[in-house]
Structure formats: structure tokens, C-alpha cells
Amino acid sequence: MLKVRSVTNKPLIALGLSVLMVSSRVAAQSDAHGEPDVSKAHVRVGRLLLNPTIALTNLGVDTNVFNEPNQSAPRDDFTLTVTPKTDLWLRMGRSWVTGKVTEDFVWYQKFASERSANNSVNMGWLLPLNRLTLNVGTAHLRTRDRPGFEIDARSQRNELAYHGSVEIRARPKMFVGIRGDRRTTSFDSVATFEGVSLRDALNRTVTSEALTARQQLTPLTAVTLDVGRSQDRFEFSPLRDSDSTNVSVGVTLDRFAIIKGSASLGYRDFQPVSPSLPPYKGTTAAADLSYVAFGTMQVGVQATRDVQYSFEINEPYYLLTGVSGSLAQRISRPVDVVGRIGTQQLDYRERIGVNVAARNRSDSVRTYGGSVGYHMGNTVRIGFNVDQQHRTSSVGNREYHGLRFGTSVTYGY
């Protein structure tokens, strides 16, 4: 595939401009010097602050456990997931140690092959000084889950990441800095999908570095500029190696702002090392925003647009463009309702001169769902959830339809 169909970005641009206009009117105060938000800490052990939670999710029926097409008689099963999670903060002089530990225990009644115990650990060290801020950290993920919208197999993989940044106050409201990241993704040697070894196809190390600038427009609103380079190197599939130049402009909104979260628009010059694969030069986007209206309604919006790698050897990457949203409304003090909707589009790029199942391949994944919840005090929510997912594809055996319904219980200390 030599061309990717263009997708207009006017809605994302309008969203970013509206965020800037609304946030500039906010006058509340935020945490100074970039210190972490410890407002969610409910347990104190000496100087150690903790926010432990536990959630029982997906307690119900999955009508299509393996994302099989309708003509293959999809198999269903009873499933549940238990997720204990703890956020932690430790003050050490002027610095902070931060962390998050998450476990997922996934159980299926009939299909023991789909059961798993997943864990992730994130640790960081933050030193905010008057004119200088240091931030370093590491993250480790060990999971047996689907790695994205393309691969339907729950495959064992490990991810190990390191990051570090230095930021200097150049002017009273202007900050400049540098950032570096390194992430290694390793699939298990027996992990396969459609006869392809995911270890051979997707084991890789991504190294990136960037220059950063941040202008604090208001106490709650910052505009950011990142200019960086990244190198993707595959352990067993060097045909997928690539180098990228990235430029992005974003806005970051404090938790006390009317609209919370972050949004960015950028440009990526994605250059595969192999001349047999066409490059991608175009826009990227990322957004995760929420808005609370009248104290009883919360609106959330997430968006993404970027290059993602495929397990297909002749279609090694695709452009993922996705938008999802949610609306939560408190009906009464103990009762709320939630609606969810999302769409993801995967536009594939193929190698020059190869035969593929479908030219100009494009897959779409659409999700719809909702929930009714009952709150017991401020720490317990019991919900009934229904979620449906549908994928269409230029390749017939990649289409499926699935429905999940059941109960969830969330408890925070």
C-alpha cells in the first residue's frame, strides 16, 4: 500500500483550541513546583502515603472469548477479573518517591488457557527544586493479554521501560528541558497468532530523546512543545527497523481546572530503514480529557493517532486513529449511569511489490457500552455493565462481534 487515506484533524484542532480558551479562565491554585498529587492517599504508614483499591470486574459472560468470526461459531465462557492496586508516595527531604503496583487475576470457567495473573510496577523519583526539576523512573509490565486492537491472542509478554528528564526554569513562567526514554518489549517464545511467532515479529527496543519547552499560561494551564527523535530496533525482524522525528504541541490542565487532563497535536516523520516499506509523514494526536458539569455529570474524551506495528510481515505497520468517549450521570446520591462509545481505525501500509490478502486494507473496531452503578458510601460502587465490540475488515476472517455483560464491584479504602 503506497498511500494512506487522509483523515481530517479539524475536530481535534477545535478541541485543543476550546480547551485553551476554557482553561484560561480558571483561577484556582495547583500544586507548586510540580509536586505529585497526594490528595487520593487514604492510608498513612509513617511518612509513606498509600491509596489501596481493589476491583472485581468482568464478573459475567464473554460471548466471544477468542474474537472469532460469526461463521466459526464463537465460543462463550463465564469470566471474572480481580484487580488490587496501590498508589504510593514517600517524601524524602525535598524529593518524592512515587509508585504504583497493579495486579490482575483473570479467570475463565471453561477455557483454562485464557486464565492469567498479570502485574505491573511503576516507580519514580522526583526532585523539584526552585529552578531545576529532576524526574527519573522505571516501569515493568508482565502480562498475558491482547497487546492491541489487531492481535486477538492473549499472549505472554514483558515490557521494561526507563525514563529520565531534566527541566530548568528559564523565565518566571517558562521551562526548558531534555527527556530520554527506553522501552524493551519481549514476547514469550511460544506466543503465536495466526501461525506467526510474535517473538520473532515484534520483540523490539525503542529509544527516544527530546528537547522540551513548557509555558505556564495560568496556575492551571501549561502549553508544551516537544521536538525529538526515536529509534525502533527489532531483535529478530530488522526489516521493521525505523527512525522517527517527532514534533508536538500540547496543553496540560491541572486537576483543579474545569477541564482536566492533556491533549497534543503533532507531526511524525516515520522512516523505515528498509527501502521496501513506504514512510509515513503526517499528523499525530493524543488526548485524555474530562469535564465535570453541575457536580453530577462527568464527560470523558480520549483520542489517539499514531503509527503502530503489525505482526504481518508484508504489512508491518498501520496508522491507528481512534476516538472514545464516556458520559457518567449521577441520578441520585447512590445511583449513577454511564454510557461509553468508541471507534478505532487501522489503516495498513504494505511493502512495495508484495502480494497481500487485500489492497489498501483498513480495519475498524467499534465499541458501545453502558453501566448502572450503586454507591455504598464513598468507597464502594456496585455496577452492572454491558459492552459490545465489533470489528470490520477488508480481510473476511478478521471480522468478529462480541458482547460482554456482568457485574463489577470497586472498593477503595
# chains A, B, ... in the order shown; residues from 1 in each chain; ligands from 1
$ select_by_dssp --residues "range 157-319 of chain A" --states "helix (DSSP H, G or I)" --output "mmCIF file with C-alpha atoms, in the first residue's frame"
data_model
loop_
_atom_site.group_PDB
_atom_site.id
_atom_site.type_symbol
_atom_site.label_atom_id
_atom_site.label_comp_id
_atom_site.auth_asym_id
_atom_site.auth_seq_id
_atom_site.Cartn_x
_atom_site.Cartn_y
_atom_site.Cartn_z
ATOM 1 C CA LEU A 198 5.097 -12.804 17.984
ATOM 2 C CA ARG A 199 8.577 -13.075 19.496
ATOM 3 C CA ASP A 200 10.201 -13.141 16.058
ATOM 4 C CA ALA A 201 7.944 -10.411 14.667
ATOM 5 C CA LEU A 202 7.592 -7.874 17.481
ATOM 6 C CA PRO A 238 15.266 -5.975 11.180
ATOM 7 C CA LEU A 239 13.009 -5.308 8.172
ATOM 8 C CA ARG A 240 10.769 -3.449 10.642
#
$ closest_residue --among "A:Gly164, A:Gly124, A:Gly325, A:Gly396" --to "Leu88 in chain A" --atoms "only C-alpha atoms"
A:Gly124
$ residues_around --residues "Val121 in chain A" --least-positions-apart "2" --cutoff "6 Å" --atoms "only C-alpha atoms" --output "list in words"
Lys100, Val101, Ala139 and His140 of chain A
$ residues_around --residues "Gln231 in chain A" --least-positions-apart "3" --cutoff "9 Å" --atoms "only C-alpha atoms" --output "list in words"
Thr205, Val206, Thr207, Ser208, Asp241, Ser242, Asp243 and Ser244 of chain A
$ write_last_selection --atoms "C-alpha atoms" --output "mmCIF file, in the first residue's frame"
data_model
loop_
_atom_site.group_PDB
_atom_site.id
_atom_site.type_symbol
_atom_site.label_atom_id
_atom_site.label_comp_id
_atom_site.auth_asym_id
_atom_site.auth_seq_id
_atom_site.Cartn_x
_atom_site.Cartn_y
_atom_site.Cartn_z
ATOM 1 C CA THR A 205 13.675 -1.840 21.793
ATOM 2 C CA VAL A 206 12.538 1.755 21.349
ATOM 3 C CA THR A 207 14.923 4.552 22.354
ATOM 4 C CA SER A 208 13.860 8.188 22.215
ATOM 5 C CA ASP A 241 13.533 -1.152 11.976
ATOM 6 C CA SER A 242 12.735 2.550 11.737
ATOM 7 C CA ASP A 243 13.811 6.054 12.756
ATOM 8 C CA SER A 244 11.384 8.873 13.504
#
$ residues_around --residues "Gly369 in chain A" --least-positions-apart "3" --cutoff "8 Å" --atoms "only C-alpha atoms" --output "PyMOL selection string"
chain A and resi 339-341+385-388
$ residues_around --residues "Val292 in chain A" --least-positions-apart "5" --cutoff "8 Å" --atoms "only C-alpha atoms" --output "JSON, numbers by chain"
{"A": [258, 259, 297, 298, 299]}
$ write_last_selection --atoms "N, CA and C atoms" --output "PDB file, in the first residue's frame"
ATOM      1  N   ILE A 258     -11.347  23.388  35.166  1.00  0.00           N
ATOM      2  CA  ILE A 258     -12.679  22.971  34.728  1.00  0.00           C
ATOM      3  C   ILE A 258     -12.574  21.741  33.833  1.00  0.00           C
ATOM      4  N   ILE A 259     -11.659  21.789  32.880  1.00  0.00           N
ATOM      5  CA  ILE A 259     -11.335  20.632  32.057  1.00  0.00           C
ATOM      6  C   ILE A 259      -9.983  20.106  32.511  1.00  0.00           C
ATOM      7  N   MET A 297     -22.403  15.365  36.589  1.00  0.00           N
ATOM      8  CA  MET A 297     -22.179  14.758  35.275  1.00  0.00           C
ATOM      9  C   MET A 297     -20.714  14.897  34.885  1.00  0.00           C
ATOM     10  N   GLN A 298     -20.108  13.794  34.442  1.00  0.00           N
ATOM     11  CA  GLN A 298     -18.716  13.814  34.004  1.00  0.00           C
ATOM     12  C   GLN A 298     -18.617  13.309  32.574  1.00  0.00           C
ATOM     13  N   VAL A 299     -17.925  14.087  31.739  1.00  0.00           N
ATOM     14  CA  VAL A 299     -17.700  13.728  30.343  1.00  0.00           C
ATOM     15  C   VAL A 299     -16.215  13.451  30.150  1.00  0.00           C
TER      16      VAL A 299
END
$ atom_distance --atom1 "CA of Leu225 in chain A" --atom2 "CA of Val273 in chain A"
27.0 Å
$ select_by_dssp --residues "range 138-362 of chain A" --states "strand (DSSP E or B)" --output "PyMOL selection string"
chain A and resi 138-145+155-171+174-187+192-193+196-197+204-218+221-234+242-253+259-272+280-293+297-309+317-330+335-349+362
$ closest_residue --among "A:Trp96, A:Phe66, A:Phe149, A:Phe78" --to "Gly406 in chain A" --atoms "only C-alpha atoms"
A:Phe78
$ atom_distance --atom1 "CA of Ser326 in chain A" --atom2 "CA of Glu103 in chain A"
24.9 Å
$ residues_around --residues "range 353-359 of chain A" --least-positions-apart "4" --cutoff "9 Å" --atoms "only C-alpha atoms" --output "PDB file with N, CA and C atoms, in the first residue's frame"
ATOM      1  N   MET A   1       0.848  -1.181   0.000  1.00  0.00           N
ATOM      2  CA  MET A   1       0.000   0.000   0.000  1.00  0.00           C
ATOM      3  C   MET A   1       0.882   1.228   0.000  1.00  0.00           C
ATOM      4  N   SER A 276      12.021  -1.077   1.144  1.00  0.00           N
ATOM      5  CA  SER A 276      10.830  -1.749   0.618  1.00  0.00           C
ATOM      6  C   SER A 276       9.551  -1.303   1.307  1.00  0.00           C
ATOM      7  N   ASN A 314       4.180  -8.627   5.616  1.00  0.00           N
ATOM      8  CA  ASN A 314       4.025  -7.814   4.412  1.00  0.00           C
ATOM      9  C   ASN A 314       3.232  -6.532   4.649  1.00  0.00           C
ATOM     10  N   GLU A 315       2.682  -6.372   5.827  1.00  0.00           N
ATOM     11  CA  GLU A 315       2.014  -5.133   6.248  1.00  0.00           C
ATOM     12  C   GLU A 315       2.535  -4.786   7.641  1.00  0.00           C
ATOM     13  N   SER A 394     -11.197  -5.580   5.712  1.00  0.00           N
ATOM     14  CA  SER A 394     -11.096  -5.960   4.306  1.00  0.00           C
ATOM     15  C   SER A 394     -10.772  -7.440   4.163  1.00  0.00           C
ATOM     16  N   VAL A 395     -10.270  -8.057   5.225  1.00  0.00           N
ATOM     17  CA  VAL A 395      -9.962  -9.489   5.254  1.00  0.00           C
ATOM     18  C   VAL A 395     -11.072 -10.176   6.042  1.00  0.00           C
TER      19      VAL A 395
END
$ closest_residue --among "A:Asp347, A:Glu35, A:Glu235, A:Glu167" --to "Arg131 in chain A" --atoms "only C-alpha atoms"
A:Glu167
$ closest_residue --among "A:Tyr348, A:Gln271, A:Thr218, A:Asp188" --to "Pro172 in chain A" --atoms "only C-alpha atoms"
A:Thr218
$ closest_residue --among "A:Trp89, A:Tyr267, A:Phe384, A:Tyr318" --to "Trp125 in chain A" --atoms "only C-alpha atoms"
A:Trp89
$ atom_distance --atom1 "CA of Pro278 in chain A" --atom2 "CA of Phe236 in chain A"
20.5 Å
